[in-house]
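final.cif follows; it contains mmCIF, C-alpha atoms.
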```cif
data_work
#
loop_
_atom_site.label_atom_id
_atom_site.label_comp_id
_atom_site.auth_asym_id
_atom_site.auth_seq_id
_atom_site.Cartn_x
_atom_site.Cartn_y
_atom_site.Cartn_z
CA MET X 86 76.87 99.15 106.11
CA ALA X 87 79.43 96.43 106.76
CA THR X 88 79.63 92.67 107.06
CA VAL X 89 80.95 92.13 110.57
CA LEU X 90 82.31 88.94 112.14
CA LEU X 91 81.77 89.06 115.90
CA VAL X 92 84.09 86.76 117.87
CA GLU X 93 82.83 86.68 121.46
CA ASP X 94 82.85 83.86 124.03
CA ASP X 95 80.04 85.14 126.29
CA HIS X 96 76.79 84.17 124.56
CA VAL X 97 74.80 86.85 126.38
CA VAL X 98 77.20 89.62 125.35
CA ARG X 99 77.45 88.09 121.88
CA GLY X 100 73.69 88.12 121.44
CA ALA X 101 73.33 91.71 122.65
CA MET X 102 76.11 92.97 120.37
CA LEU X 103 74.73 91.04 117.41
CA ARG X 104 71.26 92.53 117.83
CA SER X 105 72.62 96.04 118.33
CA LEU X 106 74.77 95.95 115.20
CA ALA X 107 72.04 94.31 113.13
CA ASP X 108 69.60 97.04 114.22
CA ARG X 109 72.09 99.57 112.83
CA GLY X 110 72.09 97.89 109.44
CA HIS X 111 75.18 95.70 109.61
CA ALA X 112 75.22 92.10 108.41
CA VAL X 113 76.56 90.29 111.48
CA HIS X 114 77.89 86.76 111.89
CA ALA X 115 78.85 85.61 115.37
CA VAL X 116 81.15 82.81 116.56
CA GLY X 117 82.46 81.88 119.99
CA THR X 118 85.93 80.44 119.33
CA ALA X 119 89.14 81.45 117.59
CA LEU X 120 89.04 78.33 115.41
CA ASP X 121 85.57 79.18 114.14
CA ALA X 122 86.71 82.75 113.49
CA LEU X 123 89.66 81.56 111.39
CA ARG X 124 87.41 79.24 109.40
CA ARG X 125 84.82 81.97 108.82
CA VAL X 126 87.36 84.58 107.74
CA ALA X 127 89.05 82.15 105.34
CA ALA X 128 85.73 81.13 103.80
CA GLU X 129 83.81 84.41 103.64
CA THR X 130 86.15 87.43 104.09
CA PRO X 131 83.99 89.84 106.13
CA ASP X 132 84.61 93.58 106.03
CA LEU X 133 85.70 93.70 109.67
CA VAL X 134 86.27 91.49 112.73
CA VAL X 135 85.41 92.39 116.32
CA LEU X 136 87.66 90.10 118.38
CA ASP X 137 87.19 89.31 122.06
CA LEU X 138 90.42 88.42 123.88
CA GLY X 139 88.88 85.97 126.36
CA LEU X 140 88.24 83.05 124.02
CA PRO X 141 87.95 79.46 125.33
CA ASP X 142 90.26 77.75 122.83
CA LEU X 143 92.97 80.36 122.24
CA ASP X 144 94.11 83.61 123.78
CA GLY X 145 92.81 86.53 121.77
CA ALA X 146 96.32 87.92 121.19
CA ASP X 147 97.34 84.61 119.58
CA ALA X 148 94.10 84.60 117.60
CA LEU X 149 94.95 88.09 116.34
CA ARG X 150 98.35 86.94 115.09
CA MET X 151 96.79 83.92 113.36
CA LEU X 152 94.13 86.08 111.72
CA ARG X 153 96.80 88.48 110.51
CA GLY X 154 98.51 85.48 108.93
CA ILE X 155 95.57 84.90 106.58
CA THR X 156 93.89 88.29 106.16
CA ASP X 157 94.48 92.03 106.22
CA ILE X 158 90.89 93.09 106.95
CA PRO X 159 90.35 95.52 109.85
CA ILE X 160 90.23 94.01 113.35
CA ILE X 161 88.84 95.76 116.43
CA ILE X 162 89.84 94.25 119.76
CA ALA X 163 87.13 94.06 122.42
CA THR X 164 88.70 93.53 125.83
CA ALA X 165 88.14 93.93 129.53
CA ARG X 166 91.89 94.52 129.91
CA ASP X 167 92.87 98.17 130.16
CA ASP X 168 96.64 97.73 130.53
CA GLU X 169 98.24 100.29 128.24
CA GLN X 170 101.31 98.20 127.40
CA ALA X 171 99.13 95.22 126.46
CA ILE X 172 96.99 97.43 124.22
CA VAL X 173 100.07 98.87 122.51
CA ARG X 174 101.34 95.33 121.85
CA LEU X 175 98.01 94.41 120.26
CA LEU X 176 98.08 97.47 118.01
CA ARG X 177 101.62 96.65 116.98
CA ALA X 178 100.58 93.03 116.34
CA GLY X 179 98.03 94.17 113.77
CA ALA X 180 94.88 95.38 115.53
CA ASP X 181 93.30 98.44 113.92
CA ASP X 182 91.54 99.66 117.07
CA TYR X 183 90.48 98.49 120.53
CA MET X 184 87.57 98.99 122.92
CA VAL X 185 87.55 98.36 126.65
CA LYS X 186 84.42 96.64 127.98
CA PRO X 187 81.75 97.54 128.82
CA PHE X 188 80.73 99.66 125.85
CA THR X 189 77.46 100.46 124.10
CA GLY X 190 76.29 99.31 120.71
CA ALA X 191 76.33 102.90 119.50
CA HIS X 192 79.98 103.27 120.54
CA LEU X 193 80.93 100.05 118.74
CA ASP X 194 79.05 101.14 115.62
CA ALA X 195 80.92 104.46 115.62
CA ARG X 196 84.28 102.69 115.95
CA ILE X 197 83.40 100.32 113.09
CA THR X 198 82.50 103.24 110.85
CA SER X 199 85.74 105.04 111.76
CA VAL X 200 87.96 102.00 111.15
CA LEU X 201 86.31 101.22 107.82
CA ARG X 202 86.69 104.84 106.75
CA ARG X 203 90.42 104.69 107.50
CA ALA X 204 90.64 101.39 105.63
CA GLY X 205 89.04 102.92 102.56
CA ARG X 206 85.91 100.78 102.77
CA ALA X 207 83.38 103.36 103.86
CA SER X 208 80.92 105.17 101.60
CA ARG X 209 81.74 105.01 97.89
CA THR X 210 79.50 107.98 97.00
CA VAL X 211 82.47 109.99 95.68
CA GLN X 212 83.90 108.51 92.51
CA PRO X 213 87.49 107.55 93.36
CA ALA X 214 90.41 107.99 91.01
CA VAL X 215 92.16 105.58 88.70
CA HIS X 216 95.94 106.05 88.64
CA GLU X 217 98.02 104.94 85.64
CA VAL X 218 101.81 105.00 85.67
CA GLY X 219 103.46 103.22 82.76
CA GLY X 220 101.92 99.76 82.59
CA LEU X 221 100.60 100.02 86.15
CA ARG X 222 96.88 100.72 86.67
CA VAL X 223 95.47 101.26 90.18
CA ASP X 224 91.70 101.58 90.56
CA VAL X 225 91.00 103.00 94.02
CA GLY X 226 87.22 102.49 93.81
CA GLU X 227 87.50 98.83 92.86
CA ARG X 228 90.55 98.37 95.09
CA SER X 229 92.29 96.57 92.26
CA ALA X 230 95.65 96.89 90.57
CA GLN X 231 97.02 95.58 87.29
CA LEU X 232 100.52 95.51 85.89
CA ASP X 233 100.74 95.18 82.10
CA GLY X 234 97.14 93.92 82.14
CA VAL X 235 97.81 91.22 84.75
CA PRO X 236 95.93 91.57 88.09
CA LEU X 237 98.07 91.93 91.21
CA ALA X 238 96.97 89.94 94.27
CA LEU X 239 97.63 92.48 97.02
CA THR X 240 96.79 92.60 100.71
CA ARG X 241 94.86 95.63 101.99
CA LYS X 242 97.97 97.45 103.19
CA GLU X 243 99.99 96.56 100.08
CA PHE X 244 97.21 98.06 97.97
CA ASP X 245 96.95 101.16 100.20
CA LEU X 246 100.72 101.68 99.94
CA LEU X 247 100.75 101.25 96.15
CA ALA X 248 97.71 103.50 95.68
CA TYR X 249 99.22 106.26 97.80
CA LEU X 250 102.46 106.23 95.81
CA ALA X 251 100.67 105.88 92.46
CA ALA X 252 98.61 108.99 93.24
CA ARG X 253 101.90 110.92 93.53
CA PRO X 254 104.01 109.65 90.60
CA GLY X 255 107.59 110.88 90.61
CA ARG X 256 107.26 112.53 94.01
CA VAL X 257 109.47 111.35 96.88
CA VAL X 258 107.25 110.30 99.80
CA SER X 259 108.90 110.12 103.21
CA ARG X 260 108.58 107.24 105.66
CA ARG X 261 106.94 109.58 108.15
CA GLU X 262 104.27 110.53 105.63
CA LEU X 263 103.55 106.90 104.80
CA LEU X 264 103.25 105.99 108.47
CA GLU X 265 100.87 108.88 109.11
CA GLU X 266 98.78 108.69 105.94
CA VAL X 267 98.73 104.98 105.07
CA TRP X 268 99.15 103.29 108.45
CA ARG X 269 97.62 106.11 110.53
CA GLN X 270 100.02 105.06 113.29
CA PRO X 271 102.96 107.45 113.62
CA SER X 272 104.02 105.48 116.73
CA VAL X 273 104.96 102.46 114.61
CA GLY X 274 108.41 104.04 114.34
CA GLU X 275 111.33 101.70 113.79
CA ASP X 276 109.58 98.37 113.35
CA GLN X 277 110.31 98.09 109.58
CA THR X 278 106.62 97.82 108.73
CA ILE X 279 107.05 99.82 105.53
CA ASP X 280 110.10 97.81 104.43
CA VAL X 281 108.28 94.50 104.84
CA HIS X 282 105.25 95.65 102.85
CA LEU X 283 107.44 97.21 100.17
CA TYR X 284 109.44 93.99 99.89
CA TRP X 285 106.33 91.91 99.20
CA LEU X 286 104.87 94.57 96.92
CA ARG X 287 108.04 94.56 94.84
CA ARG X 288 108.04 90.77 94.63
CA LYS X 289 104.46 90.75 93.37
CA MET X 290 105.39 93.38 90.78
CA GLY X 291 108.36 91.32 89.59
CA GLU X 292 111.09 93.64 90.80
CA SER X 293 113.49 94.06 93.70
CA ALA X 294 115.30 96.81 95.58
CA ALA X 295 118.46 95.94 93.67
CA LYS X 296 116.66 96.02 90.30
CA PRO X 297 113.70 98.40 90.70
CA ARG X 298 111.32 99.25 87.85
CA TYR X 299 108.50 101.24 89.45
CA LEU X 300 109.29 101.42 93.16
CA ARG X 301 112.45 103.40 93.83
CA THR X 302 114.11 103.96 97.20
CA VAL X 303 115.57 107.39 97.83
CA ARG X 304 118.13 106.58 100.51
CA GLY X 305 117.63 108.45 103.75
CA VAL X 306 114.48 110.14 102.49
CA GLY X 307 111.74 107.78 101.37
CA PHE X 308 110.26 106.24 98.24
CA ARG X 309 108.81 107.23 94.89
CA LEU X 310 106.89 105.48 92.14
CA VAL X 311 107.91 106.19 88.54
CA ALA X 312 107.30 104.70 85.12
CA PRO X 313 110.12 102.43 83.92
CA ASP X 314 112.73 103.95 81.63
#
```
Render the structure in this file as structure tokens.
Amino acid sequence: MATVLLVEDDHVVRGAMLRSLADRGHAVHAVGTALDALRRVAAETPDLVVLDLGLPDLDGADALRMLRGITDIPIIIATARDDEQAIVRLLRAGADDYMVKPFTGAHLDARITSVLRRAGRASRTVQPAVHEVGGLRVDVGERSAQLDGVPLALTRKEFDLLAYLAARPGRVVSRRELLEEVWRQPSVGEDQTIDVHLYWLRRKMGESAAKPRYLRTVRGVGFRLVAPD
């Protein structure tokens, strides 16, 4: 089960959701403001955040952007708003899923399980692989990566991107495949999400697009990870 941070202004709803998730085995912490959520995430790093949009100190959409500035953990939006364009904007801003109120505790639990599975944080009963390419070592089970014995401090998506490429050394992986398999959001399209993550991943690995070592761009096709010459 997961450690869940519940960010909900309504204390009655907050209490009911807390009890429901706790009854299903989750460790749940609940706060009522965006500021408290930011403090809690920075201090404790839960597995997942359930974020209400109607917070008293900050609009939930702004809170989402601020959370994404400090963490890459999964975030499920809980909202009474059912406007499709608004929901799409939230997903593009970094939400992993959304739920329109009212919903049951069982429904929320199912969504949490699904999001964590996509994020690679669900059951670890199957022994995951360790990928080694040159001096790069990616341990999927531990969600850790080292380059020449030095740990790499990666965000969740940076790690997911590196792990996906490291599992396919030498193979050219298209942008479409990365969007579908790593981001699970084929609709992301032209927003340069992959380029931004690849830029930061390269920086942390001590290389650049102009002087690549491991991460090579195949112009007009995609990317591949290879051992340095």
Show which residues sit within 9 Å of Val223 of chain X, as a PyMOL selection string. Count only C-alpha atoms, and ignore same-chain residues fewer than 3 positions away.
chain X and resi 214-218+227-232+244+247-248+251-252
The residue from X:Asp144, X:Glu265, X:Glu243, X:Asp182 with the smallest atom-to-atom distance to Val281 of chain X, counting only C-alpha atoms, is X:Glu243
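Compared by their closest atoms to Trp268 of chain X, and using all atoms listed in the file, the residues X:Ala180, X:Ala238, X:Ala107, X:Leu136 rank with X:Ala180 nearest.
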For Ile197 of chain X, which residue out of X:Val135, X:Leu123, X:Ala295, X:Leu152 is the nearest one, using all atoms listed in the file?
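Going through X:Val135, X:Leu123, X:Ala295, X:Leu152 one by one, the smallest distance to Ile197 of chain X is for X:Val135.
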Calculated over all atoms listed in the file, which of the candidates X:Ala115, X:Val258, X:Val225, X:Leu246 has the smallest distance to Leu286 of chain X?
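Looking only at the distances to Leu286 of chain X, the closest residue turns out to be X:Leu246.
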Ground truth for the PyMOL selection byres ((chain X and resi 141-143) around 8), written as a PyMOL selection string:
chain X and resi 94+118-120+139-140+144-145+147-148
Which centre and which edge lengths, in Å to one decimal, describe the axis-aligned box that holds all listed atoms of segment 239-252 of chain X after 3 Å is added on each side, as lines of an AutoDock Vina configuration file?
```
center_x = 98.7
center_y = 100.7
center_z = 97.8
size_x = 13.6
size_y = 22.5
size_z = 16.7
```
Can you rebuild segment 283-296 of chain X with N, CA, C and O atoms and give it as a PDB file, keeping the file's coordinate frame?
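This is the output file result-v7.pdb:
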```pdb
ATOM      1  N   LEU X 283     106.831  96.845 101.447  1.00  0.00           N
ATOM      2  CA  LEU X 283     107.440  97.210 100.170  1.00  0.00           C
ATOM      3  C   LEU X 283     108.155  96.016  99.552  1.00  0.00           C
ATOM      4  O   LEU X 283     108.124  95.823  98.324  1.00  0.00           O
ATOM      5  N   TYR X 284     108.770  95.187 100.379  1.00  0.00           N
ATOM      6  CA  TYR X 284     109.440  93.990  99.890  1.00  0.00           C
ATOM      7  C   TYR X 284     108.462  93.077  99.155  1.00  0.00           C
ATOM      8  O   TYR X 284     108.711  92.633  98.026  1.00  0.00           O
ATOM      9  N   TRP X 285     107.314  92.802  99.811  1.00  0.00           N
ATOM     10  CA  TRP X 285     106.330  91.910  99.200  1.00  0.00           C
ATOM     11  C   TRP X 285     105.661  92.557  97.995  1.00  0.00           C
ATOM     12  O   TRP X 285     105.348  91.873  96.999  1.00  0.00           O
ATOM     13  N   LEU X 286     105.450  93.865  98.055  1.00  0.00           N
ATOM     14  CA  LEU X 286     104.870  94.570  96.920  1.00  0.00           C
ATOM     15  C   LEU X 286     105.791  94.477  95.705  1.00  0.00           C
ATOM     16  O   LEU X 286     105.350  94.212  94.578  1.00  0.00           O
ATOM     17  N   ARG X 287     107.078  94.674  95.936  1.00  0.00           N
ATOM     18  CA  ARG X 287     108.040  94.560  94.840  1.00  0.00           C
ATOM     19  C   ARG X 287     108.059  93.152  94.255  1.00  0.00           C
ATOM     20  O   ARG X 287     108.116  92.974  93.030  1.00  0.00           O
ATOM     21  N   ARG X 288     108.030  92.157  95.123  1.00  0.00           N
ATOM     22  CA  ARG X 288     108.040  90.770  94.630  1.00  0.00           C
ATOM     23  C   ARG X 288     106.840  90.509  93.734  1.00  0.00           C
ATOM     24  O   ARG X 288     106.961  89.877  92.677  1.00  0.00           O
ATOM     25  N   LYS X 289     105.671  90.991  94.156  1.00  0.00           N
ATOM     26  CA  LYS X 289     104.460  90.750  93.370  1.00  0.00           C
ATOM     27  C   LYS X 289     104.474  91.530  92.053  1.00  0.00           C
ATOM     28  O   LYS X 289     103.780  91.158  91.102  1.00  0.00           O
ATOM     29  N   MET X 290     105.274  92.600  92.006  1.00  0.00           N
ATOM     30  CA  MET X 290     105.390  93.380  90.780  1.00  0.00           C
ATOM     31  C   MET X 290     106.576  92.938  89.932  1.00  0.00           C
ATOM     32  O   MET X 290     106.881  93.551  88.908  1.00  0.00           O
ATOM     33  N   GLY X 291     107.267  91.876  90.375  1.00  0.00           N
ATOM     34  CA  GLY X 291     108.360  91.320  89.590  1.00  0.00           C
ATOM     35  C   GLY X 291     109.625  92.149  89.597  1.00  0.00           C
ATOM     36  O   GLY X 291     110.381  92.157  88.614  1.00  0.00           O
ATOM     37  N   GLU X 292     109.871  92.848  90.704  1.00  0.00           N
ATOM     38  CA  GLU X 292     111.090  93.640  90.800  1.00  0.00           C
ATOM     39  C   GLU X 292     111.699  93.461  92.177  1.00  0.00           C
ATOM     40  O   GLU X 292     111.172  92.739  93.011  1.00  0.00           O
ATOM     41  N   SER X 293     112.820  94.137  92.408  1.00  0.00           N
ATOM     42  CA  SER X 293     113.490  94.060  93.700  1.00  0.00           C
ATOM     43  C   SER X 293     114.137  95.402  93.991  1.00  0.00           C
ATOM     44  O   SER X 293     114.222  96.278  93.124  1.00  0.00           O
ATOM     45  N   ALA X 294     114.608  95.558  95.223  1.00  0.00           N
ATOM     46  CA  ALA X 294     115.300  96.810  95.580  1.00  0.00           C
ATOM     47  C   ALA X 294     116.567  96.982  94.764  1.00  0.00           C
ATOM     48  O   ALA X 294     116.949  98.097  94.406  1.00  0.00           O
ATOM     49  N   ALA X 295     117.222  95.871  94.450  1.00  0.00           N
ATOM     50  CA  ALA X 295     118.460  95.940  93.670  1.00  0.00           C
ATOM     51  C   ALA X 295     118.179  96.254  92.201  1.00  0.00           C
ATOM     52  O   ALA X 295     118.994  96.897  91.527  1.00  0.00           O
ATOM     53  N   LYS X 296     117.038  95.782  91.695  1.00  0.00           N
ATOM     54  CA  LYS X 296     116.660  96.020  90.300  1.00  0.00           C
ATOM     55  C   LYS X 296     115.231  96.574  90.247  1.00  0.00           C
ATOM     56  O   LYS X 296     114.297  95.885  89.849  1.00  0.00           O
TER      57      LYS X 296
END
```
